[in-house]
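Undergrad: Below you'll find input.cif; it's mmCIF, C-alpha atoms.
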data_protein
#
loop_
_atom_site.label_atom_id
_atom_site.label_comp_id
_atom_site.auth_asym_id
_atom_site.auth_seq_id
_atom_site.Cartn_x
_atom_site.Cartn_y
_atom_site.Cartn_z
CA MET A 1442 173.18 -72.50 -23.08
CA THR A 1443 172.18 -69.94 -25.72
CA LEU A 1444 174.31 -70.15 -28.84
CA PRO A 1445 175.83 -66.79 -29.89
CA LEU A 1446 174.37 -66.91 -33.42
CA ALA A 1447 171.11 -68.70 -32.64
CA SER A 1448 168.39 -67.97 -35.23
CA ARG A 1449 170.77 -65.91 -37.44
CA ILE A 1450 170.62 -66.54 -41.21
CA ALA A 1451 174.09 -66.85 -42.75
CA LEU A 1452 174.93 -67.08 -46.46
CA VAL A 1453 178.37 -68.54 -47.25
CA THR A 1454 179.78 -68.75 -50.78
CA GLY A 1455 182.35 -71.37 -51.75
CA ALA A 1456 180.92 -73.43 -48.90
CA SER A 1457 181.83 -76.87 -50.24
CA ARG A 1458 185.52 -76.86 -49.30
CA GLY A 1459 188.39 -74.97 -47.71
CA ILE A 1460 187.74 -71.83 -45.69
CA GLY A 1461 184.11 -71.62 -46.87
CA TYR A 1462 183.37 -75.15 -45.68
CA ALA A 1463 185.08 -74.54 -42.33
CA THR A 1464 183.32 -71.20 -41.86
CA ALA A 1465 179.91 -72.68 -42.67
CA ARG A 1466 180.46 -75.40 -40.08
CA ALA A 1467 181.69 -72.95 -37.46
CA LEU A 1468 178.73 -70.62 -38.04
CA ALA A 1469 176.35 -73.57 -37.77
CA LYS A 1470 178.03 -74.70 -34.55
CA ALA A 1471 177.39 -71.18 -33.19
CA GLY A 1472 173.70 -71.62 -33.97
CA ALA A 1473 173.21 -70.01 -37.39
CA HIS A 1474 171.10 -71.46 -40.19
CA ILE A 1475 173.46 -71.79 -43.15
CA VAL A 1476 172.62 -70.92 -46.74
CA ALA A 1477 175.47 -72.81 -48.38
CA VAL A 1478 176.38 -71.80 -51.94
CA ALA A 1479 178.79 -73.82 -54.11
CA ARG A 1480 178.92 -75.40 -57.55
CA THR A 1481 179.08 -79.03 -56.40
CA GLN A 1482 175.91 -80.71 -55.10
CA GLY A 1483 177.75 -83.72 -53.66
CA ALA A 1484 180.15 -81.61 -51.61
CA LEU A 1485 177.25 -79.50 -50.33
CA GLU A 1486 175.49 -82.66 -49.19
CA GLU A 1487 178.59 -83.68 -47.23
CA LEU A 1488 178.55 -80.25 -45.55
CA ASP A 1489 174.86 -80.69 -44.76
CA ASP A 1490 175.59 -84.03 -43.07
CA GLU A 1491 178.21 -82.41 -40.84
CA ILE A 1492 175.96 -79.45 -39.98
CA ARG A 1493 173.12 -81.80 -39.04
CA LYS A 1494 175.48 -83.72 -36.75
CA GLU A 1495 176.06 -80.43 -34.92
CA GLY A 1496 172.30 -80.07 -34.46
CA SER A 1497 172.00 -77.16 -36.89
CA SER A 1498 170.40 -76.80 -40.32
CA ALA A 1499 171.33 -75.67 -43.80
CA THR A 1500 169.78 -74.70 -47.11
CA LEU A 1501 171.88 -76.04 -49.99
CA VAL A 1502 172.23 -73.86 -53.09
CA PRO A 1503 174.14 -75.50 -55.97
CA LEU A 1504 174.99 -72.39 -57.97
CA SER A 1505 177.89 -71.08 -60.01
CA LEU A 1506 178.60 -67.51 -58.94
CA THR A 1507 179.04 -66.58 -62.58
CA ASP A 1508 175.29 -67.15 -62.89
CA PHE A 1509 174.55 -63.57 -61.93
CA GLU A 1510 170.82 -63.97 -62.52
CA GLY A 1511 170.96 -66.99 -60.22
CA ILE A 1512 172.35 -64.77 -57.46
CA ALA A 1513 169.42 -62.41 -57.99
CA ARG A 1514 166.97 -65.32 -57.79
CA LEU A 1515 168.65 -66.45 -54.56
CA GLY A 1516 168.12 -63.00 -53.07
CA ALA A 1517 164.44 -63.14 -54.00
CA ALA A 1518 164.10 -66.64 -52.52
CA LEU A 1519 165.71 -65.56 -49.25
CA HIS A 1520 163.36 -62.60 -49.07
CA GLU A 1521 160.40 -64.91 -49.62
CA ARG A 1522 161.51 -67.49 -47.04
CA HIS A 1523 163.23 -65.44 -44.32
CA GLY A 1524 162.57 -61.77 -45.06
CA ARG A 1525 166.13 -60.92 -44.08
CA LEU A 1526 169.80 -61.97 -44.09
CA ASP A 1527 171.98 -61.54 -41.00
CA ILE A 1528 175.38 -62.70 -42.24
CA LEU A 1529 177.06 -62.72 -45.66
CA VAL A 1530 180.45 -64.41 -46.07
CA GLY A 1531 181.87 -63.85 -49.56
CA ASN A 1532 184.52 -66.54 -49.65
CA ALA A 1533 184.37 -68.13 -53.13
CA GLY A 1534 187.34 -67.42 -55.33
CA ILE A 1535 189.52 -68.91 -58.05
CA ALA A 1536 193.28 -68.58 -58.53
CA GLY A 1537 193.38 -68.27 -62.30
CA PRO A 1538 196.51 -68.76 -64.41
CA SER A 1539 200.05 -68.48 -63.04
CA SER A 1540 201.80 -66.81 -65.94
CA PRO A 1541 203.30 -63.49 -67.09
CA LEU A 1542 200.57 -60.98 -67.91
CA GLY A 1543 201.53 -60.87 -71.57
CA HIS A 1544 200.94 -64.63 -71.89
CA ILE A 1545 197.43 -64.66 -70.39
CA GLU A 1546 194.44 -64.91 -72.71
CA LEU A 1547 191.41 -62.68 -72.22
CA LYS A 1548 189.06 -65.53 -71.25
CA PRO A 1549 190.92 -66.68 -68.12
CA TRP A 1550 191.30 -63.03 -67.09
CA ASN A 1551 187.54 -62.54 -67.43
CA ASP A 1552 186.85 -65.80 -65.58
CA VAL A 1553 188.89 -64.70 -62.54
CA MET A 1554 187.33 -61.23 -62.46
CA ALA A 1555 183.85 -62.73 -62.81
CA VAL A 1556 184.17 -64.98 -59.74
CA ASN A 1557 186.43 -62.88 -57.51
CA ALA A 1558 185.04 -59.40 -58.20
CA THR A 1559 181.84 -59.24 -60.27
CA ALA A 1560 180.07 -62.03 -58.38
CA ASN A 1561 180.73 -60.22 -55.11
CA PHE A 1562 179.37 -56.99 -56.63
CA GLN A 1563 176.21 -58.88 -57.56
CA LEU A 1564 176.00 -60.36 -54.04
CA ILE A 1565 176.23 -56.86 -52.58
CA ARG A 1566 173.49 -55.59 -54.92
CA CYS A 1567 171.14 -58.47 -54.22
CA MET A 1568 171.81 -59.05 -50.52
CA GLU A 1569 172.03 -55.49 -49.17
CA PRO A 1570 168.23 -55.08 -48.99
CA LEU A 1571 168.07 -58.30 -46.94
CA LEU A 1572 170.94 -57.27 -44.67
CA ARG A 1573 169.13 -53.98 -44.05
CA GLN A 1574 166.20 -56.00 -42.69
CA SER A 1575 168.49 -57.51 -40.04
CA ASP A 1576 169.01 -55.83 -36.69
CA ALA A 1577 172.76 -56.36 -37.16
CA GLY A 1578 173.71 -57.28 -40.72
CA ARG A 1579 177.30 -58.45 -41.02
CA ALA A 1580 179.34 -59.02 -44.19
CA VAL A 1581 182.86 -60.49 -44.41
CA PHE A 1582 184.75 -60.96 -47.68
CA VAL A 1583 187.86 -63.12 -47.99
CA THR A 1584 190.77 -61.31 -49.62
CA SER A 1585 194.50 -61.90 -50.07
CA GLY A 1586 197.80 -60.14 -49.48
CA ALA A 1587 198.32 -60.48 -53.24
CA SER A 1588 196.02 -57.47 -53.59
CA HIS A 1589 198.75 -55.10 -52.35
CA LYS A 1590 201.93 -57.18 -52.71
CA ALA A 1591 201.24 -57.65 -56.44
CA PRO A 1592 203.55 -60.68 -56.82
CA ALA A 1593 204.73 -61.66 -60.26
CA TYR A 1594 202.83 -64.23 -62.33
CA ILE A 1595 199.44 -64.14 -60.53
CA GLY A 1596 198.21 -60.92 -62.09
CA PRO A 1597 194.51 -61.75 -62.59
CA TYR A 1598 194.16 -63.02 -59.01
CA SER A 1599 195.99 -60.01 -57.55
CA ALA A 1600 193.97 -57.54 -59.59
CA SER A 1601 190.67 -59.23 -58.74
CA LYS A 1602 191.40 -59.14 -55.01
CA ALA A 1603 192.43 -55.47 -55.23
CA ALA A 1604 189.11 -54.80 -56.97
CA LEU A 1605 187.27 -56.75 -54.27
CA GLU A 1606 188.92 -54.74 -51.50
CA ALA A 1607 187.99 -51.42 -53.13
CA LEU A 1608 184.43 -52.64 -53.67
CA VAL A 1609 184.03 -53.73 -50.04
CA ARG A 1610 185.50 -50.51 -48.69
CA VAL A 1611 183.12 -48.43 -50.82
CA TRP A 1612 180.21 -50.48 -49.49
CA ALA A 1613 181.44 -50.02 -45.92
CA HIS A 1614 181.43 -46.24 -46.42
CA GLU A 1615 177.97 -46.34 -47.99
CA THR A 1616 176.49 -48.34 -45.09
CA GLU A 1617 178.41 -46.62 -42.28
CA SER A 1618 175.27 -44.98 -40.87
CA THR A 1619 173.27 -48.24 -40.94
CA PRO A 1620 173.42 -51.30 -38.65
CA ILE A 1621 175.36 -53.16 -41.39
CA ARG A 1622 179.07 -53.78 -40.74
CA VAL A 1623 181.28 -54.70 -43.71
CA ASN A 1624 184.85 -56.01 -43.43
CA LEU A 1625 187.61 -57.99 -45.13
CA PHE A 1626 189.45 -61.07 -43.89
CA ASP A 1627 192.92 -61.99 -45.14
CA PRO A 1628 193.69 -65.60 -44.15
CA GLY A 1629 197.24 -65.61 -45.52
CA PRO A 1630 198.72 -69.00 -46.48
CA ILE A 1631 196.21 -71.70 -45.48
CA ARG A 1632 196.16 -75.44 -46.17
CA THR A 1633 193.64 -75.43 -49.06
CA ARG A 1634 193.41 -77.12 -52.42
CA MET A 1635 193.71 -73.78 -54.21
CA ARG A 1636 196.89 -72.91 -52.32
CA ALA A 1637 198.39 -76.31 -53.22
CA ALA A 1638 197.61 -75.75 -56.90
CA VAL A 1639 199.37 -72.36 -56.96
CA PHE A 1640 202.33 -73.42 -54.78
CA PRO A 1641 202.79 -77.15 -55.50
CA GLY A 1642 206.26 -77.30 -53.90
CA GLU A 1643 205.05 -76.00 -50.53
CA ASP A 1644 204.68 -78.40 -47.60
CA PRO A 1645 200.98 -78.07 -46.64
CA MET A 1646 201.68 -79.36 -43.15
CA THR A 1647 203.53 -76.12 -42.40
CA LEU A 1648 200.31 -74.15 -42.91
CA ASP A 1649 197.33 -73.52 -40.63
CA THR A 1650 194.08 -75.30 -41.47
CA PRO A 1651 190.88 -73.67 -42.77
CA GLU A 1652 189.26 -74.55 -39.44
CA GLN A 1653 191.83 -72.50 -37.55
CA ALA A 1654 191.25 -69.46 -39.77
CA ALA A 1655 187.46 -69.80 -39.69
CA GLU A 1656 187.39 -69.40 -35.91
CA PHE A 1657 188.51 -65.80 -36.41
CA ILE A 1658 185.80 -65.05 -38.99
CA ILE A 1659 182.98 -65.99 -36.59
CA PRO A 1660 183.37 -62.98 -34.23
CA MET A 1661 183.21 -60.67 -37.27
CA CYS A 1662 179.75 -62.09 -38.01
CA ALA A 1663 178.33 -61.48 -34.53
CA PRO A 1664 175.88 -58.68 -33.67
CA SER A 1665 178.41 -57.43 -31.12
CA TRP A 1666 181.03 -56.73 -33.84
CA ALA A 1667 181.17 -52.93 -34.24
CA GLU A 1668 184.00 -52.27 -36.71
CA THR A 1669 183.42 -51.58 -40.40
CA GLY A 1670 185.66 -50.95 -43.40
CA LYS A 1671 188.60 -52.80 -41.80
CA LEU A 1672 190.79 -55.76 -42.72
CA TYR A 1673 191.51 -58.57 -40.29
CA ASP A 1674 194.94 -60.06 -40.97
CA TYR A 1675 194.85 -63.63 -39.69
CA LYS A 1676 198.61 -64.18 -39.89
CA THR A 1677 199.36 -61.32 -37.47
CA ARG A 1678 195.99 -61.47 -35.65
CA GLN A 1679 195.52 -57.74 -36.24
CA LEU A 1680 192.53 -55.65 -37.28
CA MET A 1681 193.95 -53.13 -39.74
CA ASN A 1682 192.94 -49.76 -41.13
CA PHE A 1683 193.48 -48.81 -44.74
CA ARG A 1684 195.72 -45.84 -45.49
CA PRO A 1685 197.19 -44.14 -48.55
CA PRO A 1686 200.41 -45.64 -49.93
CA ALA A 1687 203.56 -44.46 -48.13
#
Represent the structure contained in this file as structure tokens.

TA:
Amino acid sequence: MTLPLASRIALVTGASRGIGYATARALAKAGAHIVAVARTQGALEELDDEIRKEGSSATLVPLSLTDFEGIARLGAALHERHGRLDILVGNAGIAGPSSPLGHIELKPWNDVMAVNATANFQLIRCMEPLLRQSDAGRAVFVTSGASHKAPAYIGPYSASKAALEALVRVWAHETESTPIRVNLFDPGPIRTRMRAAVFPGEDPMTLDTPEQAAEFIIPMCAPSWAETGKLYDYKTRQLMNFRPPA
């Protein structure tokens, strides 16, 4: 049986745990070669073991996404080795401080914006030429309802996800006439370590797992996926359009 993503090259950020880990495994199971990016070498090696058990392969890239030059070097290395990129999943993110805006120092603000927004800008810059070499380049970025709900006390995270959504939508418009399709995925509340840190009183067993959410990212990475500039809301299982505020 031919796997749906056989011979596709897929880059996944934040691949060592949570939704990134689950998505990398699901993409590998569908036949893709995984370029797994995360800060922790040991966790990447655990992912590699699981991917090999599935009969697939991975390239491990221990890299902090705040190393913007490192992202550029990764793009050059992928060009040298593969000549293209078929799938980009921008999943890595940090929660940042939970505090009133007036109590937050500039450094943690900058740290959140660097990982959640600027790193994804650099990924777009460095990976677009490779995605253009694919017959069906697909990009999916993981966002959050905090971007439009703007809840109190998680200002840097909310602002960074709003910035990410605007960035991705601009890119979708810019690539509309190309084979590249660019979309957002909002997982909602998922049983991850980051969620537990922000909401310590929540019962994690009431939440869906990263593996459940990842299954809905995979179709968005397939050559057959035709939509661009949309947001898939996992909680409601709906593909949504953006519109001006009511």

Undergrad: Once the PyMOL selection byres ((chain A and resi 1664-1678) around 9) has been applied to the shown file, what residues remain in the selection, as a PyMOL selection string?

TA: chain A and resi 1445-1446+1527+1576-1579+1584+1586+1609-1614+1616-1617+1621-1630+1654+1657-1658+1660-1663+1679-1683

Undergrad: Output C-alpha atoms for every residue in that selection, as a short mmCIF file (atom, residue, chain, number, x, y, z; two decimals), keeping the file's coordinate frame.

TA:
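Written file, part-v3.cif:
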data_model
loop_
_atom_site.label_atom_id
_atom_site.label_comp_id
_atom_site.auth_asym_id
_atom_site.auth_seq_id
_atom_site.Cartn_x
_atom_site.Cartn_y
_atom_site.Cartn_z
CA PRO A 1445 175.83 -66.79 -29.89
CA LEU A 1446 174.37 -66.91 -33.42
CA ASP A 1527 171.98 -61.54 -41.00
CA ASP A 1576 169.01 -55.83 -36.69
CA ALA A 1577 172.76 -56.36 -37.16
CA GLY A 1578 173.71 -57.28 -40.72
CA ARG A 1579 177.30 -58.45 -41.02
CA THR A 1584 190.77 -61.31 -49.62
CA GLY A 1586 197.80 -60.14 -49.48
CA VAL A 1609 184.03 -53.73 -50.04
CA ARG A 1610 185.50 -50.51 -48.69
CA VAL A 1611 183.12 -48.43 -50.82
CA TRP A 1612 180.21 -50.48 -49.49
CA ALA A 1613 181.44 -50.02 -45.92
CA HIS A 1614 181.43 -46.24 -46.42
CA THR A 1616 176.49 -48.34 -45.09
CA GLU A 1617 178.41 -46.62 -42.28
CA ILE A 1621 175.36 -53.16 -41.39
CA ARG A 1622 179.07 -53.78 -40.74
CA VAL A 1623 181.28 -54.70 -43.71
CA ASN A 1624 184.85 -56.01 -43.43
CA LEU A 1625 187.61 -57.99 -45.13
CA PHE A 1626 189.45 -61.07 -43.89
CA ASP A 1627 192.92 -61.99 -45.14
CA PRO A 1628 193.69 -65.60 -44.15
CA GLY A 1629 197.24 -65.61 -45.52
CA PRO A 1630 198.72 -69.00 -46.48
CA ALA A 1654 191.25 -69.46 -39.77
CA PHE A 1657 188.51 -65.80 -36.41
CA ILE A 1658 185.80 -65.05 -38.99
CA PRO A 1660 183.37 -62.98 -34.23
CA MET A 1661 183.21 -60.67 -37.27
CA CYS A 1662 179.75 -62.09 -38.01
CA ALA A 1663 178.33 -61.48 -34.53
CA GLN A 1679 195.52 -57.74 -36.24
CA LEU A 1680 192.53 -55.65 -37.28
CA MET A 1681 193.95 -53.13 -39.74
CA ASN A 1682 192.94 -49.76 -41.13
CA PHE A 1683 193.48 -48.81 -44.74
#

Undergrad: What residues have an atom no more than 12 Å from (201.1, -68.9, -66.2) in the file's own frame, counting only C-alpha atoms, and can you write them as a list of chain:residue names?

TA: A:Ala1536, A:Gly1537, A:Pro1538, A:Ser1539, A:Ser1540, A:Pro1541, A:Leu1542, A:Gly1543, A:His1544, A:Ile1545, A:Glu1546, A:Pro1549, A:Trp1550, A:Ala1593, A:Tyr1594, A:Ile1595, A:Gly1596, A:Pro1597, A:Tyr1598, A:Val1639

Undergrad: I would like the residues chosen by the PyMOL selection byres ((chain A and resi 1634) around 12) on the shown file; could you give them as a ChimeraX atom specification?

TA: /A:1457-1460,1534-1536,1630-1633,1635-1641,1643,1645,1650-1651

Undergrad: Which polymer residues have any atom within 9 Å of an atom of Leu1608 in chain A, counting only C-alpha atoms, with same-chain residues fewer than 5 positions away left out, as a PyMOL selection string?

TA: chain A and resi 1558+1561-1562+1603+1613

Undergrad: Name every residue that the PyMOL selection byres ((chain A and resi 1448) around 7) selects in this structure, writing the answer as a ChimeraX atom specification with chains first and numbers rising.

TA: /A:1446-1447,1449-1450,1472-1474

Undergrad: May I ask for the distance between CA of Leu1444 in chain A and CA of Ala1580 in chain A, given in Å to one decimal place?

TA: 19.6 Å

Undergrad: CA of Asp1644 in chain A and CA of Thr1481 in chain A, how far apart in Å?

TA: 27.1 Å

Undergrad: One decimal, Å: what's the distance from CA of Ser1588 in chain A over to CA of Val1556 in chain A, could you say?

TA: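 Pair CA of Ser1588 in chain A / CA of Val1556 in chain A returns 15.3 Å.
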
Undergrad: Nearest residue to Met1554 in chain A out of A:Arg1566, A:His1589, A:Ile1475, A:Ala1604, using only C-alpha atoms?

TA: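 Closest to Met1554 in chain A of all the choices is A:Ala1604.
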
Undergrad: Give one line per residue of range 1560-1624 of chain A that approaches range 1520-1524 of chain A to at most 10 Å, naming the two atoms of the closest pair and their distance in Å to one decimal, counting all atoms listed in the file; sort by chain then ascending residue number and deliver it as a tab-separated table.

TA:
residue	atom	partner	partner_atom	distance
A:Met1568	CA	A:His1520	CA	9.3
A:Pro1570	CA	A:His1520	CA	9.0
A:Leu1571	CA	A:His1520	CA	6.7
A:Leu1572	CA	A:Gly1524	CA	9.5
A:Gln1574	CA	A:Gly1524	CA	7.2
A:Ser1575	CA	A:Gly1524	CA	8.9

Undergrad: Might you pull out every residue within 12 Å of Asp1490 in chain A, with only C-alpha atoms counted and same-chain residues fewer than 5 positions away left off, and present them as a PyMOL selection string?

TA: chain A and resi 1457+1466+1469+1483-1485+1495-1501

Undergrad: From the set A:Ala1687, A:Met1646, A:Ala1655, A:Ala1600, which residue has the shortest atom-to-atom contact distance to Ala1467 in chain A, counting only C-alpha atoms?

TA: A:Ala1655

Undergrad: Compare A:Leu1452, A:Ala1591, A:Val1502, A:Leu1605 by their minimum atom-to-atom distance to Ile1528 in chain A, counting all atoms listed in the file, and give me the closest one.

TA: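 Of all the options, A:Leu1452 lies closest to Ile1528 in chain A.
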
Undergrad: Give me the box for range 1636-1650 of chain A as JSON, namely the centre and edge lengths in Å to one decimal of a box along x, y and z that holds every listed atom plus 6 Å on each side.

TA:
{"center_x": 200.2, "center_y": -75.9, "center_z": -48.8, "size_x": 24.2, "size_y": 19.0, "size_z": 28.3}

Undergrad: Please list as a PyMOL selection string every residue within 12 Å of Gly1511 in chain A, counting all atoms listed in the file and excluding residues in the same chain fewer than 6 positions away.

TA: chain A and resi 1478+1480+1502-1505+1517-1518+1560+1563-1564+1567

Undergrad: Report as number ranges by chain all protein, DNA and RNA residues lying within 6 Å of Val1530 in chain A, evaluated on all atoms listed in the file, omitting residues in the same chain fewer than 5 positions from it.

TA: A: 1453, 1580-1582
